[in-house]
Structure formats: structure tokens, C-alpha cells
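One file, structure-v2.pdb, carrying PDB, C-alpha atoms:
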```pdb
MODEL        1
ATOM      1  CA  MET A   1     110.090  85.046  96.643
ATOM      2  CA  SER A   2     113.576  84.620  95.262
ATOM      3  CA  TRP A   3     114.440  88.288  95.779
ATOM      4  CA  LEU A   4     113.770  87.984  99.514
ATOM      5  CA  GLY A   5     116.625  85.533 100.045
ATOM      6  CA  LYS A   6     118.981  87.883  98.233
ATOM      7  CA  MET A   7     117.874  90.763 100.440
ATOM      8  CA  ILE A   8     118.219  88.874 103.710
ATOM      9  CA  GLY A   9     121.564  87.456 102.645
ATOM     10  CA  GLY A  10     122.894  90.899 101.858
ATOM     11  CA  THR A  11     124.001  89.878  98.360
ATOM     12  CA  ILE A  12     121.753  92.274  96.501
ATOM     13  CA  GLY A  13     123.300  94.562  93.933
ATOM     14  CA  PHE A  14     120.219  96.556  92.925
ATOM     15  CA  ALA A  15     119.199  99.661  94.832
ATOM     16  CA  LEU A  16     115.605 100.876  94.661
ATOM     17  CA  GLY A  17     116.189 104.494  95.507
ATOM     18  CA  GLY A  18     113.454 106.901  96.538
ATOM     19  CA  PRO A  19     111.276 106.522  99.634
ATOM     20  CA  LEU A  20     110.684 102.794  99.084
ATOM     21  CA  GLY A  21     114.433 102.228  98.854
ATOM     22  CA  ALA A  22     114.950 104.074 102.128
ATOM     23  CA  VAL A  23     112.312 101.965 103.912
ATOM     24  CA  ALA A  24     113.549  98.690 102.411
ATOM     25  CA  GLY A  25     117.137  99.579 103.199
ATOM     26  CA  ALA A  26     116.318 100.228 106.854
ATOM     27  CA  ALA A  27     114.194  97.061 107.073
ATOM     28  CA  PHE A  28     116.919  94.834 105.584
ATOM     29  CA  GLY A  29     119.846  96.603 107.164
ATOM     30  CA  HIS A  30     121.392  97.566 103.817
ATOM     31  CA  THR A  31     122.314 100.958 102.444
ATOM     32  CA  PHE A  32     120.163 101.174  99.333
ATOM     33  CA  VAL A  33     119.960 104.892  98.859
ATOM     34  CA  ASP A  34     122.771 107.334  98.525
ATOM     35  CA  LYS A  35     123.222 109.545  95.496
ATOM     36  CA  LYS A  36     120.084 108.048  94.027
ATOM     37  CA  GLU A  37     117.902 109.649  96.679
ATOM     38  CA  LYS A  38     118.821 113.104  95.377
ATOM     39  CA  ALA A  39     118.016 112.000  91.830
ATOM     40  CA  TYR A  40     114.613 110.706  92.940
ATOM     41  CA  LEU A  41     113.716 113.861  94.837
ATOM     42  CA  SER A  42     114.575 116.051  91.875
ATOM     43  CA  SER A  43     112.285 114.004  89.624
ATOM     44  CA  ARG A  44     109.173 113.925  91.858
ATOM     45  CA  PRO A  45     106.195 115.584  90.151
ATOM     46  CA  ASN A  46     103.074 117.177  91.515
ATOM     47  CA  ILE A  47     100.493 114.393  91.937
ATOM     48  CA  HIS A  48      98.392 116.079  89.273
ATOM     49  CA  GLY A  49     101.320 116.165  86.864
ATOM     50  CA  SER A  50     101.748 114.121  83.738
ATOM     51  CA  GLY A  51     104.144 111.474  84.996
ATOM     52  CA  PHE A  52     106.862 110.200  87.242
ATOM     53  CA  GLN A  53     110.447 109.720  86.209
ATOM     54  CA  ARG A  54     111.788 106.526  87.669
ATOM     55  CA  PRO A  55     115.343 106.694  88.993
ATOM     56  CA  GLY A  56     117.894 104.305  87.536
ATOM     57  CA  SER A  57     119.593 101.440  89.254
ATOM     58  CA  GLN A  58     123.011 101.486  90.848
ATOM     59  CA  GLN A  59     125.494  98.720  91.545
ATOM     60  CA  TYR A  60     127.299  98.448  94.855
ATOM     61  CA  GLY A  61     129.743  95.703  93.987
ATOM     62  CA  SER A  62     127.515  92.968  95.400
ATOM     63  CA  GLN A  63     127.431  89.383  94.252
ATOM     64  CA  ASP A  64     123.898  89.380  92.907
ATOM     65  CA  THR A  65     121.320  91.538  91.167
ATOM     66  CA  LEU A  66     117.556  91.551  90.818
ATOM     67  CA  SER A  67     115.817  90.576  87.605
ATOM     68  CA  SER A  68     113.150  92.932  86.282
ATOM     69  CA  ASN A  69     110.426  90.672  87.688
ATOM     70  CA  GLU A  70     112.116  90.515  91.080
ATOM     71  CA  GLU A  71     112.463  94.288  91.047
ATOM     72  CA  ALA A  72     108.708  94.650  90.455
ATOM     73  CA  GLN A  73     108.011  92.158  93.235
ATOM     74  CA  LEU A  74     110.170  94.122  95.651
ATOM     75  CA  VAL A  75     108.432  97.383  94.748
ATOM     76  CA  PHE A  76     104.960  95.850  95.179
ATOM     77  CA  PHE A  77     105.842  94.204  98.493
ATOM     78  CA  THR A  78     107.522  97.284  99.966
ATOM     79  CA  ALA A  79     104.893  99.707  98.659
ATOM     80  CA  ALA A  80     101.994  97.630  99.980
ATOM     81  CA  PHE A  81     103.201  97.523 103.569
ATOM     82  CA  SER A  82     104.551 101.089 103.462
ATOM     83  CA  MET A  83     101.229 102.538 102.293
ATOM     84  CA  LEU A  84      99.332 100.383 104.779
ATOM     85  CA  ALA A  85     101.549 101.767 107.535
ATOM     86  CA  LYS A  86     100.657 105.355 106.614
ATOM     87  CA  ILE A  87      96.949 104.505 106.343
ATOM     88  CA  CYS A  88      96.960 102.856 109.774
ATOM     89  CA  LYS A  89      98.836 105.773 111.359
ATOM     90  CA  ALA A  90      96.522 108.364 109.779
ATOM     91  CA  ASP A  91      94.438 108.712 112.947
ATOM     92  CA  GLY A  92      97.432 108.856 115.257
ATOM     93  CA  ALA A  93      97.755 105.215 116.339
ATOM     94  CA  VAL A  94      97.616 101.751 114.797
ATOM     95  CA  THR A  95      94.564  99.915 116.170
ATOM     96  CA  GLU A  96      94.160  96.244 117.025
ATOM     97  CA  ASN A  97      91.560  95.842 114.278
ATOM     98  CA  GLU A  98      93.967  97.246 111.716
ATOM     99  CA  ILE A  99      96.742  94.945 112.924
ATOM    100  CA  SER A 100      94.335  92.017 112.638
ATOM    101  CA  ALA A 101      93.365  93.016 109.081
ATOM    102  CA  ILE A 102      97.009  93.218 108.018
ATOM    103  CA  ASP A 103      97.746  89.903 109.726
ATOM    104  CA  THR A 104      94.909  88.323 107.758
ATOM    105  CA  PHE A 105      96.231  89.896 104.550
ATOM    106  CA  MET A 106      99.698  88.401 105.185
ATOM    107  CA  LYS A 107      98.595  84.939 106.264
ATOM    108  CA  ARG A 108      95.367  84.208 104.421
ATOM    109  CA  ASP A 109      95.632  86.245 101.241
ATOM    110  CA  LEU A 110      99.376  86.273 100.611
ATOM    111  CA  GLN A 111     100.143  83.077 102.569
ATOM    112  CA  LEU A 112     103.502  84.460 103.646
ATOM    113  CA  ASP A 113     105.812  82.165 105.581
ATOM    114  CA  PHE A 114     107.230  83.240 108.946
ATOM    115  CA  ASN A 115     110.341  84.941 107.541
ATOM    116  CA  SER A 116     108.322  86.827 104.942
ATOM    117  CA  GLN A 117     105.867  87.940 107.627
ATOM    118  CA  GLN A 118     108.757  89.254 109.708
ATOM    119  CA  THR A 119     110.075  91.124 106.689
ATOM    120  CA  ALA A 120     106.655  92.665 106.006
ATOM    121  CA  GLN A 121     106.394  93.723 109.656
ATOM    122  CA  ASN A 122     109.850  95.316 109.516
ATOM    123  CA  ILE A 123     108.881  97.297 106.434
ATOM    124  CA  PHE A 124     105.618  98.333 108.104
ATOM    125  CA  ARG A 125     107.416  99.567 111.252
ATOM    126  CA  GLN A 126     110.005 101.493 109.238
ATOM    127  CA  ALA A 127     107.294 103.153 107.139
ATOM    128  CA  VAL A 128     105.239 104.138 110.198
ATOM    129  CA  HIS A 129     108.157 106.228 111.441
ATOM    130  CA  SER A 130     109.377 107.362 108.016
ATOM    131  CA  SER A 131     109.295 111.087 107.271
ATOM    132  CA  GLU A 132     108.127 110.264 103.752
ATOM    133  CA  SER A 133     104.446 110.705 102.945
ATOM    134  CA  PHE A 134     101.811 108.250 101.761
ATOM    135  CA  ASP A 135     101.830 110.062  98.415
ATOM    136  CA  ALA A 136     105.587 109.537  98.007
ATOM    137  CA  PHE A 137     105.174 105.765  98.390
ATOM    138  CA  ALA A 138     102.156 105.758  96.066
ATOM    139  CA  LEU A 139     104.009 107.691  93.378
ATOM    140  CA  GLN A 140     106.918 105.265  93.326
ATOM    141  CA  PHE A 141     104.552 102.290  93.213
ATOM    142  CA  TYR A 142     102.654 103.847  90.310
ATOM    143  CA  SER A 143     105.870 104.520  88.402
ATOM    144  CA  VAL A 144     106.359 100.752  88.112
ATOM    145  CA  PHE A 145     102.746  99.537  87.757
ATOM    146  CA  ARG A 146     101.139 102.413  85.840
ATOM    147  CA  SER A 147     100.400 100.157  82.840
ATOM    148  CA  GLN A 148      98.870  97.348  84.934
ATOM    149  CA  PRO A 149      95.361  98.455  86.067
ATOM    150  CA  ARG A 150      94.520  95.095  87.641
ATOM    151  CA  ILE A 151      97.544  95.310  89.952
ATOM    152  CA  ILE A 152      96.550  98.860  90.868
ATOM    153  CA  GLU A 153      93.031  97.674  91.690
ATOM    154  CA  LEU A 154      94.403  94.924  93.921
ATOM    155  CA  MET A 155      96.410  97.548  95.799
ATOM    156  CA  MET A 156      93.357  99.798  96.193
ATOM    157  CA  ASP A 157      91.385  96.801  97.424
ATOM    158  CA  VAL A 158      93.736  96.021 100.304
ATOM    159  CA  LEU A 159      94.128  99.708 101.226
ATOM    160  CA  LEU A 160      90.353 100.013 101.497
ATOM    161  CA  ARG A 161      90.020  96.759 103.402
ATOM    162  CA  VAL A 162      92.475  97.810 106.098
ATOM    163  CA  SER A 163      91.072 101.361 106.228
ATOM    164  CA  ALA A 164      87.604  99.957 106.949
ATOM    165  CA  ALA A 165      88.848  97.434 109.536
ATOM    166  CA  ASP A 166      87.465  99.562 112.389
ATOM    167  CA  GLY A 167      83.999  99.536 110.872
ATOM    168  CA  SER A 168      84.307 102.854 109.057
ATOM    169  CA  ILE A 169      86.795 104.935 107.093
ATOM    170  CA  SER A 170      87.944 108.105 108.852
ATOM    171  CA  SER A 171      88.253 111.435 107.069
ATOM    172  CA  ARG A 172      92.060 111.289 107.250
ATOM    173  CA  GLU A 173      92.108 107.769 105.814
ATOM    174  CA  GLU A 174      89.694 108.879 103.099
ATOM    175  CA  THR A 175      92.002 111.751 102.195
ATOM    176  CA  MET A 176      94.876 109.314 101.621
ATOM    177  CA  LEU A 177      92.691 106.902  99.668
ATOM    178  CA  LEU A 178      91.402 109.653  97.397
ATOM    179  CA  SER A 179      94.966 110.845  96.879
ATOM    180  CA  ALA A 180      95.840 107.299  95.792
ATOM    181  CA  THR A 181      93.012 107.321  93.251
ATOM    182  CA  ARG A 182      94.414 110.530  91.723
ATOM    183  CA  ILE A 183      97.981 109.232  91.634
ATOM    184  CA  PHE A 184      96.881 105.865  90.213
ATOM    185  CA  ASN A 185      94.396 107.428  87.742
ATOM    186  CA  TYR A 186      91.764 105.220  89.345
ATOM    187  CA  SER A 187      88.246 106.382  88.503
ATOM    188  CA  ASP A 188      85.835 107.754  91.101
ATOM    189  CA  THR A 189      83.216 105.245  89.979
ATOM    190  CA  ASP A 190      85.518 102.278  90.484
ATOM    191  CA  TYR A 191      86.598 103.647  93.845
ATOM    192  CA  ALA A 192      82.991 104.022  95.038
ATOM    193  CA  ARG A 193      82.144 100.486  93.970
ATOM    194  CA  LEU A 194      85.239  99.001  95.581
ATOM    195  CA  LYS A 195      84.671 100.970  98.768
ATOM    196  CA  SER A 196      81.101  99.685  99.050
ATOM    197  CA  LYS A 197      82.461  96.159  99.525
ATOM    198  CA  TYR A 198      83.791  97.152 102.930
ATOM    199  CA  VAL A 199      81.562  99.918 104.264
ATOM    200  CA  LYS A 200      78.173  98.452 103.373
ATOM    201  CA  GLU A 201      76.666  95.236 102.074
ATOM    202  CA  THR A 202      74.075  96.773  99.745
ATOM    203  CA  ASN A 203      74.601  95.745  96.126
ATOM    204  CA  LYS A 204      77.729  93.813  97.120
ATOM    205  CA  TYR A 205      77.607  91.359  94.221
ATOM    206  CA  TYR A 206      76.850  94.021  91.632
ATOM    207  CA  ASN A 207      79.712  96.109  92.995
ATOM    208  CA  VAL A 208      82.137  93.218  92.555
ATOM    209  CA  LEU A 209      81.126  93.048  88.879
ATOM    210  CA  LYS A 210      81.166  96.883  88.647
ATOM    211  CA  CYS A 211      77.541  96.912  87.521
ATOM    212  CA  ASP A 212      74.384  98.634  88.713
ATOM    213  CA  GLU A 213      71.286  96.681  89.659
ATOM    214  CA  SER A 214      69.565  98.343  86.730
ATOM    215  CA  ALA A 215      72.004  96.757  84.248
ATOM    216  CA  SER A 216      70.501  94.391  81.691
ATOM    217  CA  ASN A 217      71.276  90.697  81.680
ATOM    218  CA  GLU A 218      73.438  91.147  78.583
ATOM    219  CA  GLU A 219      75.379  93.997  80.203
ATOM    220  CA  ILE A 220      76.056  91.873  83.257
ATOM    221  CA  LYS A 221      77.231  88.932  81.144
ATOM    222  CA  LYS A 222      79.501  91.203  79.128
ATOM    223  CA  GLN A 223      81.039  92.736  82.245
ATOM    224  CA  TYR A 224      81.521  89.307  83.814
ATOM    225  CA  ARG A 225      83.363  88.014  80.739
ATOM    226  CA  LYS A 226      85.559  91.141  80.700
ATOM    227  CA  LEU A 227      86.581  90.813  84.366
ATOM    228  CA  VAL A 228      87.168  87.066  84.147
ATOM    229  CA  THR A 229      89.524  87.659  81.239
ATOM    230  CA  GLU A 230      91.403  90.437  83.051
ATOM    231  CA  TYR A 231      91.808  88.463  86.273
ATOM    232  CA  HIS A 232      92.470  85.076  84.734
ATOM    233  CA  PRO A 233      95.312  83.395  86.706
ATOM    234  CA  ASP A 234      97.465  82.945  83.603
ATOM    235  CA  LYS A 235      97.223  86.638  82.719
ATOM    236  CA  ILE A 236      98.023  87.805  86.256
ATOM    237  CA  GLU A 237     100.952  85.373  86.513
ATOM    238  CA  SER A 238     102.462  86.808  83.334
ATOM    239  CA  LYS A 239     102.913  90.142  85.146
ATOM    240  CA  GLY A 240     105.857  88.705  87.058
ATOM    241  CA  LEU A 241     104.440  88.958  90.581
ATOM    242  CA  PRO A 242     105.431  86.436  93.259
ATOM    243  CA  GLU A 243     103.219  83.448  94.018
ATOM    244  CA  GLU A 244     101.861  85.071  97.166
ATOM    245  CA  PHE A 245     100.431  88.006  95.229
ATOM    246  CA  ILE A 246      99.181  85.751  92.448
ATOM    247  CA  LYS A 247      97.172  83.928  95.113
ATOM    248  CA  PHE A 248      95.672  87.250  96.153
ATOM    249  CA  ALA A 249      94.688  87.931  92.525
ATOM    250  CA  ASN A 250      93.235  84.430  92.217
ATOM    251  CA  ASP A 251      90.984  85.161  95.191
ATOM    252  CA  LYS A 252      89.713  88.177  93.266
ATOM    253  CA  PHE A 253      88.993  85.874  90.320
ATOM    254  CA  LYS A 254      86.958  83.576  92.612
ATOM    255  CA  GLU A 255      85.109  86.573  94.043
ATOM    256  CA  ILE A 256      84.037  87.578  90.531
ATOM    257  CA  GLN A 257      82.827  84.039  89.831
ATOM    258  CA  GLU A 258      80.844  83.907  93.078
ATOM    259  CA  ALA A 259      79.235  87.293  92.459
ATOM    260  CA  TYR A 260      78.154  86.284  88.959
ATOM    261  CA  ASP A 261      76.778  82.949  90.222
ATOM    262  CA  HIS A 262      74.741  84.796  92.866
ATOM    263  CA  ILE A 263      73.306  87.259  90.330
ATOM    264  CA  LYS A 264      72.556  84.461  87.862
ATOM    265  CA  LYS A 265      70.604  82.620  90.542
ATOM    266  CA  GLU A 266      68.833  85.794  91.625
ATOM    267  CA  ARG A 267      67.847  86.668  88.039
ATOM    268  CA  ARG A 268      67.305  83.071  86.988
ATOM    269  CA  LEU A 269      69.692  83.492  84.051
TER
ENDMDL
END
```
Reformat the file's structure so that it appears as C-alpha cells.
Amino acid sequence: MSWLGKMIGGTIGFALGGPLGAVAGAAFGHTFVDKKEKAYLSSRPNIHGSGFQRPGSQQYGSQDTLSSNEEAQLVFFTAAFSMLAKICKADGAVTENEISAIDTFMKRDLQLDFNSQQTAQNIFRQAVHSSESFDAFALQFYSVFRSQPRIIELMMDVLLRVSAADGSISSREETMLLSATRIFNYSDTDYARLKSKYVKETNKYYNVLKCDESASNEEIKKQYRKLVTEYHPDKIESKGLPEEFIKFANDKFKEIQEAYDHIKKERRL
């Protein structure tokens, strides 16, 4: 991630602002938010409102700036570990199972190197103790990725995975997850299907394809083709995410393929 070197080196000229800027600033030891924080707070809507006004950037006389793609990468990275921090702290303490799930997410899914893992952990720790809410982080994430439903689904996937790491999803965790679905405009049906991947095994393969067992063969084929197109590596890569997150999306692509292969074999298609 090219933006990460700029952050660690202290040469960054772009300031995120808002709650994510505050967390990132504390994690990297930079002062990202100043006047911009006031601008962000004045623009925050009710989560049921029509939109979110994204604060502008500000230069601090640094040697370097972030490109638009690097900016999106920074938002995704910071938002992911900030929201995970709030989810894990929902029941009062971060459990070993939750730590293990996040560790797996960093190493296996994102394949982060040691320095990137340390950065993610710093962001996580800062967010755990931040006075900002889960909703505040989710709103700022959505302001950047509102037009990219596949990226939103990937975020919901990891939030659910970590929430279910203890074998079930608590009522407080569920409250945050449902709040995320409202902020992200993520449908209840999609949420139920995604959740079923982690809280039960029934209909697992149909849930991956977002189909019911009663769906016809043609409906299943149509849905498979739709998802394969949406999660194709080339299409995901064009969104400007870093390689680590593209790998995560590619795993989703493989999951879709495996689910369809299983159903084909089961139905003898």
C-alpha cells in the first residue's frame, strides 16, 4: 500500500477529517484533524437521512499528498479496523476468539506484512478507546463507498465474521450490525443470507449465491452469472483498492464458484 509508507514517513499532506481522521491521526502520530473536525460534525446527518456530506481535504505544507485511490484505500483500511474495534468492544471486552478472527483476517485474507499488521493493530486500539461511535465510522466509510455495493458487502462480511467468532452474535453486536445495514442501505434479505454463513450451516451454498433452495435451475444459473460478473477480479481491481483487499474480494469470487459447483453437483446440472 503506497499510502502506508507516506503515513509512516510523516510526509502526508492529505487530512481525512472526521472520526476516521482522528483515529488515523492518533495511530500514525500525525495531527490530521483540526478545523476540519468541526466541519465534519456540522455535516453529520441522522442515519435515516438522505445523505452524508463529505468534508474537503486540507493541506498542511507536507511534501506529499494522497491520490484519490490512495485516499479510498486509507478510508477502507481505517474504517474496517475501527468498526471491528467497536464490534469487539460491544460486550465490554475484546475476547480471544475475536482477536483470533481479526488476526486471521489480517494474515490470511488481507495478507498484510508485519508493518501493515502493526498499523492495523494501532488503528484498532485507538478506535477501541475512541469516544466516537460505530455509526460515526460507518457513516464516513459509506460517504466514500456508497456507489460500490460489492465493497460494502465485503465490509459487512468481515463485520459478521468477527461478530460470530464466539459462536453467536450478541444482541449488542446485532444492534451495531443492523445499524450498519441501515447506513449502508444494505437489504434485510442480503443481511440474513450473509449472516447465515456464520451462525448456521443450513443452506450455506444457496446463501452464498443469494438464492433459496426452491429456486429453479435457471434462476440459480442467472444469479451465479450475475455474482461472478460483479466480483470478477478485474472489476474489483478497477475500484482502486490495495492488493490486500483485492485478494479478499478474490476469495469471495472463489467462494461463489465453489458454491455453484456444489449446487451443480447436487442438482446434477
Which residues would end up in the selection if the PyMOL selection byres ((chain A and resi 109) around 9) were applied here, given that I need the answer as a PDB file with C-alpha atoms, in the frame of the given file?
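Writing done, so here's selection_29.pdb:
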```pdb
ATOM      1  CA  THR A 104      94.909  88.323 107.758  1.00  0.00           C
ATOM      2  CA  PHE A 105      96.231  89.896 104.550  1.00  0.00           C
ATOM      3  CA  MET A 106      99.698  88.401 105.185  1.00  0.00           C
ATOM      4  CA  LYS A 107      98.595  84.939 106.264  1.00  0.00           C
ATOM      5  CA  ARG A 108      95.367  84.208 104.421  1.00  0.00           C
ATOM      6  CA  LEU A 110      99.376  86.273 100.611  1.00  0.00           C
ATOM      7  CA  GLN A 111     100.143  83.077 102.569  1.00  0.00           C
ATOM      8  CA  LEU A 112     103.502  84.460 103.646  1.00  0.00           C
ATOM      9  CA  GLU A 244     101.861  85.071  97.166  1.00  0.00           C
ATOM     10  CA  PHE A 245     100.431  88.006  95.229  1.00  0.00           C
ATOM     11  CA  LYS A 247      97.172  83.928  95.113  1.00  0.00           C
ATOM     12  CA  PHE A 248      95.672  87.250  96.153  1.00  0.00           C
ATOM     13  CA  ALA A 249      94.688  87.931  92.525  1.00  0.00           C
ATOM     14  CA  ASP A 251      90.984  85.161  95.191  1.00  0.00           C
TER      15      ASP A 251
END
```
Quick one: distance from atom CA of A:Tyr224 to atom CA of A:Ala165 in Å, one decimal?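 Separation between atom CA of A:Tyr224 and atom CA of A:Ala165: 28.0 Å.
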Nearest residue to A:Asn207 out of A:Lys264, A:Lys239, A:Arg193, A:Lys254, using all atoms listed in the file? A:Arg193
Residue nearest A:Pro149 among A:Val208, A:Leu227, A:Ala85, A:Ala80 (counting all atoms listed in the file):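 Going through A:Val208, A:Leu227, A:Ala85, A:Ala80 one by one, the smallest distance to A:Pro149 is for A:Leu227.
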In Å and to one decimal, atom CA of A:Tyr205 is distant from atom CA of A:Ala259 by 4.7 Å
Taking the file as shown, what set of residues would the PyMOL selection byres ((chain A and resi 212) around 12) give back, as an mmCIF file with C-alpha atoms, in the frame of the given file?
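Below is the file that was written, result-v4.cif:
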```
data_model
loop_
_atom_site.group_PDB
_atom_site.id
_atom_site.type_symbol
_atom_site.label_atom_id
_atom_site.label_comp_id
_atom_site.auth_asym_id
_atom_site.auth_seq_id
_atom_site.Cartn_x
_atom_site.Cartn_y
_atom_site.Cartn_z
ATOM 1 C CA THR A 189 83.216 105.245 89.979
ATOM 2 C CA ASP A 190 85.518 102.278 90.484
ATOM 3 C CA ALA A 192 82.991 104.022 95.038
ATOM 4 C CA ARG A 193 82.144 100.486 93.970
ATOM 5 C CA THR A 202 74.075 96.773 99.745
ATOM 6 C CA ASN A 203 74.601 95.745 96.126
ATOM 7 C CA LYS A 204 77.729 93.813 97.120
ATOM 8 C CA TYR A 205 77.607 91.359 94.221
ATOM 9 C CA TYR A 206 76.850 94.021 91.632
ATOM 10 C CA ASN A 207 79.712 96.109 92.995
ATOM 11 C CA VAL A 208 82.137 93.218 92.555
ATOM 12 C CA LEU A 209 81.126 93.048 88.879
ATOM 13 C CA LYS A 210 81.166 96.883 88.647
ATOM 14 C CA CYS A 211 77.541 96.912 87.521
ATOM 15 C CA GLU A 213 71.286 96.681 89.659
ATOM 16 C CA SER A 214 69.565 98.343 86.730
ATOM 17 C CA ALA A 215 72.004 96.757 84.248
ATOM 18 C CA SER A 216 70.501 94.391 81.691
ATOM 19 C CA ASN A 217 71.276 90.697 81.680
ATOM 20 C CA GLU A 219 75.379 93.997 80.203
ATOM 21 C CA ILE A 220 76.056 91.873 83.257
ATOM 22 C CA GLN A 223 81.039 92.736 82.245
ATOM 23 C CA ILE A 263 73.306 87.259 90.330
#
```
For the atom pair atom CA of A:Ala79 and atom CA of A:Leu177, what is the interatomic distance in Å to one decimal place?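 Distance between the two atoms: 14.2 Å.
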Restricting the calculation to all atoms listed in the file, which member of A:Asn185, A:Gln126, A:Thr175, A:Gln118 is positioned closest to A:Ser143?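 Going through A:Asn185, A:Gln126, A:Thr175, A:Gln118 one by one, the smallest distance to A:Ser143 is for A:Asn185.
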Specify as a PDB file with C-alpha atoms, in the frame of the given file each residue included when the PyMOL selection byres ((chain A and resi 91) around 8) is applied to this file.
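Okay, out13.pdb is ready:
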```pdb
ATOM      1  CA  CYS A  88      96.960 102.856 109.774  1.00  0.00           C
ATOM      2  CA  LYS A  89      98.836 105.773 111.359  1.00  0.00           C
ATOM      3  CA  ALA A  90      96.522 108.364 109.779  1.00  0.00           C
ATOM      4  CA  GLY A  92      97.432 108.856 115.257  1.00  0.00           C
ATOM      5  CA  ALA A  93      97.755 105.215 116.339  1.00  0.00           C
ATOM      6  CA  VAL A  94      97.616 101.751 114.797  1.00  0.00           C
ATOM      7  CA  SER A 170      87.944 108.105 108.852  1.00  0.00           C
ATOM      8  CA  ARG A 172      92.060 111.289 107.250  1.00  0.00           C
ATOM      9  CA  GLU A 173      92.108 107.769 105.814  1.00  0.00           C
TER      10      GLU A 173
END
```
Residue among A:Asn250, A:Gln73, A:Thr181, A:Asn97 lying closest to A:Leu139, counting all atoms listed in the file: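 That would be A:Thr181, the residue with the smallest distance to A:Leu139.
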Can you tell me which residues surround A:Arg125 at a distance of at most 10 Å, considering only C-alpha atoms, apart from same-chain residues fewer than 2 positions away, and format the answer as a list in words?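 Non-adjacent residues within range: Val23, Ala26, Ala27, Phe81, Ser82, Ala85, Thr119, Ala120, Gln121, Asn122, Ile123, Ala127, Val128, His129 and Ser130 of chain A.
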For A:Val162, which of A:Ser100, A:Gln140, A:Ser147, A:Ser179 is the closest residue, counting all atoms listed in the file?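 Using all atoms listed in the file, the shortest distance to A:Val162 belongs to A:Ser100.
Shortest atom-to-atom contact with A:Glu218 among A:Lys195, A:Arg146, A:His262, A:Arg267: A:Arg267, counting all atoms listed in the file.
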When you look at A:Ala180 with a cut-off of 9 Å (counting all atoms listed in the file), what residues show up, excluding the ones that are within fewer than 2 positions of it in the same chain? I need them as a ChimeraX atom specification. /A:134-135,138-139,156,175-178,182-186
Residues at most 7 Å from A:Ala72, counting only C-alpha atoms, excluding those fewer than 4 positions away in the same chain, as a PyMOL selection string? chain A and resi 68+76+144
